[in-house]
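Listing of work-v4.cif, mmCIF, C-alpha atoms
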data_work
loop_
_atom_site.label_atom_id
_atom_site.label_comp_id
_atom_site.auth_asym_id
_atom_site.auth_seq_id
_atom_site.Cartn_x
_atom_site.Cartn_y
_atom_site.Cartn_z
CA MET U 166 5.22 178.83 -36.45
CA GLU U 167 6.03 182.05 -38.28
CA GLU U 168 7.51 184.22 -35.56
CA GLY U 169 8.94 181.61 -33.20
CA ILE U 170 12.45 180.30 -32.75
CA ALA U 171 11.39 176.66 -32.44
CA PHE U 172 12.46 174.62 -35.46
CA THR U 173 9.42 172.45 -36.18
CA PRO U 174 9.79 171.32 -39.80
CA ARG U 175 6.51 170.23 -41.34
CA PHE U 176 6.88 166.99 -43.24
CA ASP U 177 4.14 166.15 -45.74
CA GLY U 178 1.90 163.09 -45.85
CA ASP U 179 4.80 161.05 -47.22
CA GLY U 180 7.09 162.23 -44.42
CA LEU U 181 9.06 164.53 -46.72
CA ILE U 182 10.03 168.19 -46.82
CA ALA U 183 11.12 170.05 -49.96
CA CYS U 184 14.66 171.37 -49.95
CA VAL U 185 16.05 174.00 -52.35
CA THR U 186 19.81 173.75 -52.64
CA GLN U 187 21.85 176.77 -53.60
CA ASP U 188 25.57 177.23 -54.21
CA ALA U 189 26.88 179.18 -51.19
CA ASN U 190 29.50 180.88 -53.34
CA ASP U 191 27.41 182.55 -56.03
CA GLY U 192 23.80 181.81 -55.08
CA GLN U 193 23.02 179.69 -58.13
CA ILE U 194 20.14 177.31 -57.54
CA LEU U 195 21.55 173.83 -58.06
CA MET U 196 18.68 171.46 -57.39
CA LEU U 197 15.48 170.73 -55.53
CA ALA U 198 15.25 167.52 -53.55
CA TYR U 199 13.41 166.11 -50.54
CA MET U 200 14.43 165.11 -47.04
CA ASN U 201 12.74 162.81 -44.58
CA ALA U 202 13.33 163.23 -40.85
CA GLU U 203 16.39 160.97 -40.91
CA ALA U 204 17.98 162.79 -43.85
CA LEU U 205 17.47 166.10 -42.06
CA ARG U 206 18.89 164.72 -38.82
CA LEU U 207 21.97 163.37 -40.61
CA THR U 208 22.41 166.66 -42.46
CA LEU U 209 22.31 168.62 -39.20
CA GLU U 210 24.62 166.17 -37.43
CA THR U 211 27.24 165.75 -40.12
CA GLY U 212 27.12 169.08 -41.95
CA VAL U 213 26.84 167.19 -45.24
CA ALA U 214 23.62 167.13 -47.26
CA HIS U 215 21.51 163.97 -47.12
CA TYR U 216 18.27 163.57 -49.04
CA TRP U 217 15.49 161.05 -49.55
CA SER U 218 15.32 159.75 -53.09
CA ARG U 219 11.67 159.46 -54.08
CA SER U 220 12.49 157.49 -57.23
CA ARG U 221 14.75 155.00 -55.48
CA GLN U 222 12.91 155.19 -52.13
CA MET U 223 16.11 155.36 -50.16
CA LEU U 224 18.23 157.66 -48.05
CA TRP U 225 20.90 159.28 -50.15
CA ARG U 226 24.09 161.03 -49.11
CA LYS U 227 24.62 163.37 -52.05
CA GLY U 228 27.97 162.71 -53.68
CA ASP U 229 28.51 159.13 -52.54
CA THR U 230 28.85 158.01 -56.13
CA SER U 231 29.41 161.31 -57.96
CA GLY U 232 31.85 162.92 -55.55
CA GLN U 233 29.54 165.96 -55.50
CA VAL U 234 29.41 165.98 -51.70
CA GLN U 235 27.63 169.08 -50.42
CA LYS U 236 29.16 170.79 -47.39
CA VAL U 237 26.35 172.69 -45.72
CA LYS U 238 27.12 176.32 -44.91
CA GLU U 239 23.63 177.42 -43.91
CA ILE U 240 20.11 176.03 -43.55
CA ARG U 241 17.04 178.22 -43.67
CA THR U 242 13.35 177.50 -43.38
CA ASP U 243 10.36 179.45 -44.61
CA CYS U 244 7.44 181.11 -42.85
CA ASP U 245 5.33 177.96 -42.50
CA GLN U 246 8.34 175.67 -42.07
CA ASP U 247 7.39 173.32 -44.89
CA THR U 248 10.45 174.09 -47.03
CA LEU U 249 14.19 174.16 -46.39
CA LEU U 250 16.84 176.21 -48.16
CA LEU U 251 20.39 174.84 -48.06
CA LYS U 252 23.43 176.87 -48.97
CA VAL U 253 26.22 174.45 -49.80
CA GLU U 254 29.75 174.16 -51.07
CA PRO U 255 29.60 171.44 -53.73
CA GLY U 256 32.57 169.07 -53.88
CA GLY U 257 33.92 167.05 -56.78
CA ASP U 258 33.45 168.91 -60.05
CA GLY U 259 31.34 171.57 -58.28
CA GLY U 260 28.14 170.43 -59.92
CA ALA U 261 24.95 168.92 -58.63
CA CYS U 262 23.08 167.41 -61.58
CA HIS U 263 23.41 163.76 -62.53
CA THR U 264 23.41 164.79 -66.21
CA GLY U 265 26.84 166.34 -65.70
CA ARG U 266 25.62 169.90 -65.64
CA ARG U 267 26.26 172.18 -62.73
CA SER U 268 22.59 172.95 -62.04
CA CYS U 269 19.54 170.80 -62.71
CA PHE U 270 17.76 173.88 -64.08
CA TYR U 271 19.55 173.95 -67.44
CA ARG U 272 16.44 174.46 -69.60
CA LYS U 273 14.17 177.44 -70.02
CA VAL U 274 10.52 177.12 -70.89
CA ALA U 275 9.69 179.00 -74.09
CA PRO U 276 5.98 179.80 -73.75
CA GLY U 277 3.77 178.92 -76.69
CA GLY U 278 0.33 178.08 -75.37
CA ASP U 279 -0.21 174.34 -75.46
CA LYS U 280 3.08 173.91 -77.28
CA ALA U 281 5.59 175.26 -74.78
CA LYS U 282 9.09 174.05 -75.62
CA LEU U 283 12.35 173.88 -73.71
CA VAL U 284 15.49 175.75 -74.63
CA PHE U 285 18.94 174.71 -73.38
CA ASP U 286 21.34 177.31 -72.10
CA MET X 1310 12.88 163.79 -70.32
CA GLU X 1311 16.35 165.08 -69.51
CA GLU X 1312 17.72 165.94 -72.94
CA GLY X 1313 14.55 166.71 -74.87
CA ILE X 1314 12.92 169.99 -75.78
CA ALA X 1315 9.39 168.81 -74.97
CA PHE X 1316 8.00 170.49 -71.89
CA THR X 1317 6.28 167.68 -70.02
CA PRO X 1318 5.95 168.85 -66.41
CA ARG X 1319 5.49 166.00 -63.96
CA PHE X 1320 2.73 166.74 -61.49
CA ASP X 1321 2.70 164.66 -58.31
CA GLY X 1322 -0.08 162.43 -56.98
CA ASP X 1323 -1.98 165.51 -55.87
CA GLY X 1324 -1.63 167.10 -59.30
CA LEU X 1325 0.96 169.61 -58.11
CA ILE X 1326 4.47 170.66 -59.08
CA ALA X 1327 6.89 172.51 -56.79
CA CYS X 1328 7.91 175.98 -57.89
CA VAL X 1329 10.89 177.94 -56.56
CA THR X 1330 10.43 181.67 -57.06
CA GLN X 1331 13.43 183.94 -57.31
CA ASP X 1332 13.72 187.71 -57.69
CA ALA X 1333 14.86 188.30 -61.28
CA ASN X 1334 16.78 191.40 -60.25
CA ASP X 1335 19.17 190.03 -57.63
CA GLY X 1336 18.51 186.28 -57.54
CA GLN X 1337 17.19 186.19 -53.98
CA ILE X 1338 14.95 183.21 -53.33
CA LEU X 1339 11.60 184.63 -52.36
CA MET X 1340 9.35 181.62 -51.77
CA LEU X 1341 8.46 178.07 -52.66
CA ALA X 1342 4.91 177.30 -53.72
CA TYR X 1343 3.01 174.79 -55.84
CA MET X 1344 1.19 174.93 -59.14
CA ASN X 1345 -1.46 172.66 -60.55
CA ALA X 1346 -1.92 172.37 -64.30
CA GLU X 1347 -4.33 175.29 -64.41
CA ALA X 1348 -2.04 177.58 -62.40
CA LEU X 1349 0.82 176.73 -64.76
CA ARG X 1350 -1.36 177.32 -67.82
CA LEU X 1351 -2.50 180.71 -66.50
CA THR X 1352 1.08 181.64 -65.61
CA LEU X 1353 2.27 180.83 -69.13
CA GLU X 1354 -0.70 182.59 -70.76
CA THR X 1355 -0.70 185.76 -68.69
CA GLY X 1356 2.95 186.15 -67.72
CA VAL X 1357 1.88 186.61 -64.11
CA ALA X 1358 2.52 183.95 -61.46
CA HIS X 1359 -0.43 181.81 -60.38
CA TYR X 1360 -0.16 179.10 -57.75
CA TRP X 1361 -2.28 176.46 -56.06
CA SER X 1362 -2.73 177.09 -52.36
CA ARG X 1363 -2.52 173.78 -50.53
CA SER X 1364 -3.82 175.25 -47.27
CA ARG X 1365 -6.80 177.00 -48.87
CA GLN X 1366 -7.22 174.44 -51.67
CA MET X 1367 -7.71 177.09 -54.28
CA LEU X 1368 -6.10 178.70 -57.28
CA TRP X 1369 -4.25 181.81 -56.28
CA ARG X 1370 -3.04 184.72 -58.37
CA LYS X 1371 -0.15 185.97 -56.27
CA GLY X 1372 -0.68 189.60 -55.33
CA ASP X 1373 -4.45 189.76 -55.69
CA THR X 1374 -4.78 190.91 -52.11
CA SER X 1375 -1.21 191.96 -51.27
CA GLY X 1376 -0.35 193.79 -54.47
CA GLN X 1377 2.77 191.62 -54.72
CA VAL X 1378 1.94 190.60 -58.28
CA GLN X 1379 4.80 188.65 -59.83
CA LYS X 1380 5.67 189.46 -63.43
CA VAL X 1381 7.36 186.37 -64.84
CA LYS X 1382 10.66 187.00 -66.61
CA GLU X 1383 11.78 183.40 -67.04
CA ILE X 1384 10.59 179.89 -66.26
CA ARG X 1385 12.98 176.95 -65.99
CA THR X 1386 12.50 173.28 -65.27
CA ASP X 1387 14.89 170.70 -63.89
CA CYS X 1388 16.33 167.50 -65.30
CA ASP X 1389 13.36 165.30 -64.42
CA GLN X 1390 10.80 168.07 -64.95
CA ASP X 1391 9.22 167.76 -61.52
CA THR X 1392 10.21 171.25 -60.36
CA LEU X 1393 9.85 174.75 -61.82
CA LEU X 1394 12.04 177.78 -61.22
CA LEU X 1395 10.43 181.17 -61.78
CA LYS X 1396 12.37 184.39 -62.08
CA VAL X 1397 10.00 187.23 -61.34
CA GLU X 1398 9.73 190.96 -60.86
CA PRO X 1399 7.69 191.39 -57.69
CA GLY X 1400 5.20 194.24 -57.67
CA GLY X 1401 3.77 196.19 -54.75
CA ASP X 1402 6.34 196.55 -51.98
CA GLY X 1403 8.68 194.15 -53.80
CA GLY X 1404 8.20 191.40 -51.26
CA ALA X 1405 6.69 187.96 -51.41
CA CYS X 1406 6.02 186.80 -47.86
CA HIS X 1407 2.67 187.27 -46.16
CA THR X 1408 4.49 188.16 -42.93
CA GLY X 1409 5.60 191.40 -44.55
CA ARG X 1410 9.16 190.28 -45.16
CA ARG X 1411 10.67 190.27 -48.60
CA SER X 1412 11.55 186.55 -48.60
CA CYS X 1413 9.83 183.70 -46.79
CA PHE X 1414 13.26 182.36 -45.81
CA TYR X 1415 13.94 184.88 -43.05
CA ARG X 1416 15.15 182.39 -40.43
CA LYS X 1417 18.32 180.34 -40.23
CA VAL X 1418 18.48 176.97 -38.52
CA ALA X 1419 21.09 176.96 -35.75
CA PRO X 1420 22.05 173.28 -35.42
CA GLY X 1421 22.04 171.80 -31.95
CA GLY X 1422 21.18 168.13 -32.20
CA ASP X 1423 17.59 167.58 -31.14
CA LYS X 1424 17.37 171.19 -30.05
CA ALA X 1425 17.93 173.06 -33.30
CA LYS X 1426 16.67 176.63 -33.00
CA LEU X 1427 15.82 179.33 -35.50
CA VAL X 1428 17.61 182.66 -35.77
CA PHE X 1429 16.06 185.67 -37.47
CA ASP X 1430 18.13 187.78 -39.83
#
Whole structure given in structure tokens:
Amino acid sequence: MEEGIAFTPRFDGDGLIACVTQDANDGQILMLAYMNAEALRLTLETGVAHYWSRSRQMLWRKGDTSGQVQKVKEIRTDCDQDTLLLKVEPGGDGGACHTGRRSCFYRKVAPGGDKAKLVFD
Amino acid sequence: MEEGIAFTPRFDGDGLIACVTQDANDGQILMLAYMNAEALRLTLETGVAHYWSRSRQMLWRKGDTSGQVQKVKEIRTDCDQDTLLLKVEPGGDGGACHTGRRSCFYRKVAPGGDKAKLVFD
């Protein structure tokens, strides 16, 4: 599992694996999404990122509506093979977030005990 | 949810939220782990990363045994607040992976249809 060369991705009880997606050009973390076995297979076969939408419960080729198609430059997995890391070249406007921002992680948490707030930047 | 300043992290059915952890110094992605509400509370209160170990089913202060204590420099959340991004300064040997490597993502997937293999680098 940890030292082998066999790719044996571990899907969770819902048949999903977490996938961190990073811009191949500057390393910015764009999004976190999930793949099922079919999304992973299609990603490997086509070189374009496919995900499983948990909210819509459907296979999703990123960019089909937004134009933000993600060309996969590299896929990594972690020690226990329950996470994937994709390095991609984003198409369209170069972004990944449906809000129009480049990255989904556009807010910082400002700690404050039970009253933590978010700060945009 | 997407445009507000209220921090309302969305834990999944198991009470967990995915957390991507990145080295604050150079942006390398070190690991992906999960937090429950208590781990998140302790992380916010102490400024040191706490996680929930799914395999051991216990709260886990990263570095307690390895010395790889993670000092939290920044916490971000994504558009739908179901993922966290931590930027940390790793203590000890500066690594995060229990295999002794700096990052858990030490293997690339070499596509090959049904026979994808892993490559160390």
Practice prompt. On this file, the PyMOL selection byres ((chain X) within 7 of (chain U)) gives some set of residues; write that set as a VMD selection string.
Written response: chain X and resid 1314 to 1316 1353 to 1354 1384 to 1388 1413 to 1418 1420 1422 1425 to 1428
Worksheet item: When distances are computed from only C-alpha atoms, which of U:Phe176, U:Lys238, U:Leu181, U:Lys252 shows the smallest separation from U:Tyr216?
Response: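 Nearest candidate to U:Tyr216 out of U:Phe176, U:Lys238, U:Leu181, U:Lys252: U:Leu181.
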Worksheet item: Distance atom CA of U:Ser231-atom CA of U:Asp177, one decimal place?
Response: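 Pair atom CA of U:Ser231 / atom CA of U:Asp177 returns 28.5 Å.
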Response to the item:
In Å and to one decimal, atom CA of U:Thr186 is distant from atom CA of U:Gly265 by 16.6 Å
Item to complete: Could you please determine the separation between atom CA of X:Pro1399 and atom CA of U:Met200 in Å, to one decimal place?
Response: 29.1 Å
Fill in: Close residues, U:Gln235 itself excluded, 10 Å, all atoms listed in the file, min 2 positions apart in chain, as a VMD selection string
chain U and resid 186 188 208 212 to 215 226 to 228 232 to 233 237 to 238 251 to 257 259 to 261
Taking every listed atom of stretch 1363-1378 of chain X and adding 5 Å to each side, what centre and edge lengths in Å (one decimal) does the axis-aligned box have, as JSON?
{"center_x": -2.5, "center_y": 183.8, "center_z": -52.8, "size_x": 20.5, "size_y": 30.0, "size_z": 21.1}
Take stretch 253-266 of chain U from the block and save it with N, CA and C atoms, as a compact mmCIF listing (two decimals), in the first residue's frame.
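In the end it all went to decode03.txt:
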# COMPACT_ATOMS: atom_id res chain seq x y z
N VAL U 253 -3.24 20.42 -12.76
CA VAL U 253 -3.98 20.66 -14.00
C VAL U 253 -3.65 22.01 -14.61
N GLU U 254 -3.93 22.08 -15.91
CA GLU U 254 -3.94 23.37 -16.60
C GLU U 254 -5.40 23.73 -16.83
N PRO U 255 -5.90 24.76 -16.10
CA PRO U 255 -7.32 25.10 -16.25
C PRO U 255 -7.56 25.88 -17.55
N GLY U 256 -8.62 25.50 -18.25
CA GLY U 256 -8.98 26.21 -19.48
C GLY U 256 -9.92 27.36 -19.20
N GLY U 257 -10.54 27.87 -20.24
CA GLY U 257 -11.48 28.98 -20.09
C GLY U 257 -10.80 30.18 -19.48
N ASP U 258 -11.39 30.73 -18.42
CA ASP U 258 -10.83 31.92 -17.78
C ASP U 258 -9.71 31.56 -16.80
N GLY U 259 -9.33 30.28 -16.73
CA GLY U 259 -8.23 29.87 -15.86
C GLY U 259 -8.65 29.61 -14.43
N GLY U 260 -9.92 29.77 -14.15
CA GLY U 260 -10.41 29.57 -12.80
C GLY U 260 -11.00 28.20 -12.59
N ALA U 261 -11.47 27.97 -11.37
CA ALA U 261 -12.06 26.68 -11.05
C ALA U 261 -13.35 26.81 -10.25
N CYS U 262 -13.59 27.95 -9.64
CA CYS U 262 -14.73 28.07 -8.72
C CYS U 262 -15.97 28.59 -9.45
N HIS U 263 -17.10 27.99 -9.10
CA HIS U 263 -18.35 28.39 -9.76
C HIS U 263 -18.80 29.79 -9.35
N THR U 264 -18.14 30.37 -8.33
CA THR U 264 -18.50 31.75 -7.94
C THR U 264 -17.82 32.78 -8.84
N GLY U 265 -16.95 32.29 -9.73
CA GLY U 265 -16.23 33.21 -10.62
C GLY U 265 -14.81 33.48 -10.18
N ARG U 266 -14.49 33.03 -8.97
CA ARG U 266 -13.13 33.22 -8.48
C ARG U 266 -12.23 32.11 -8.99
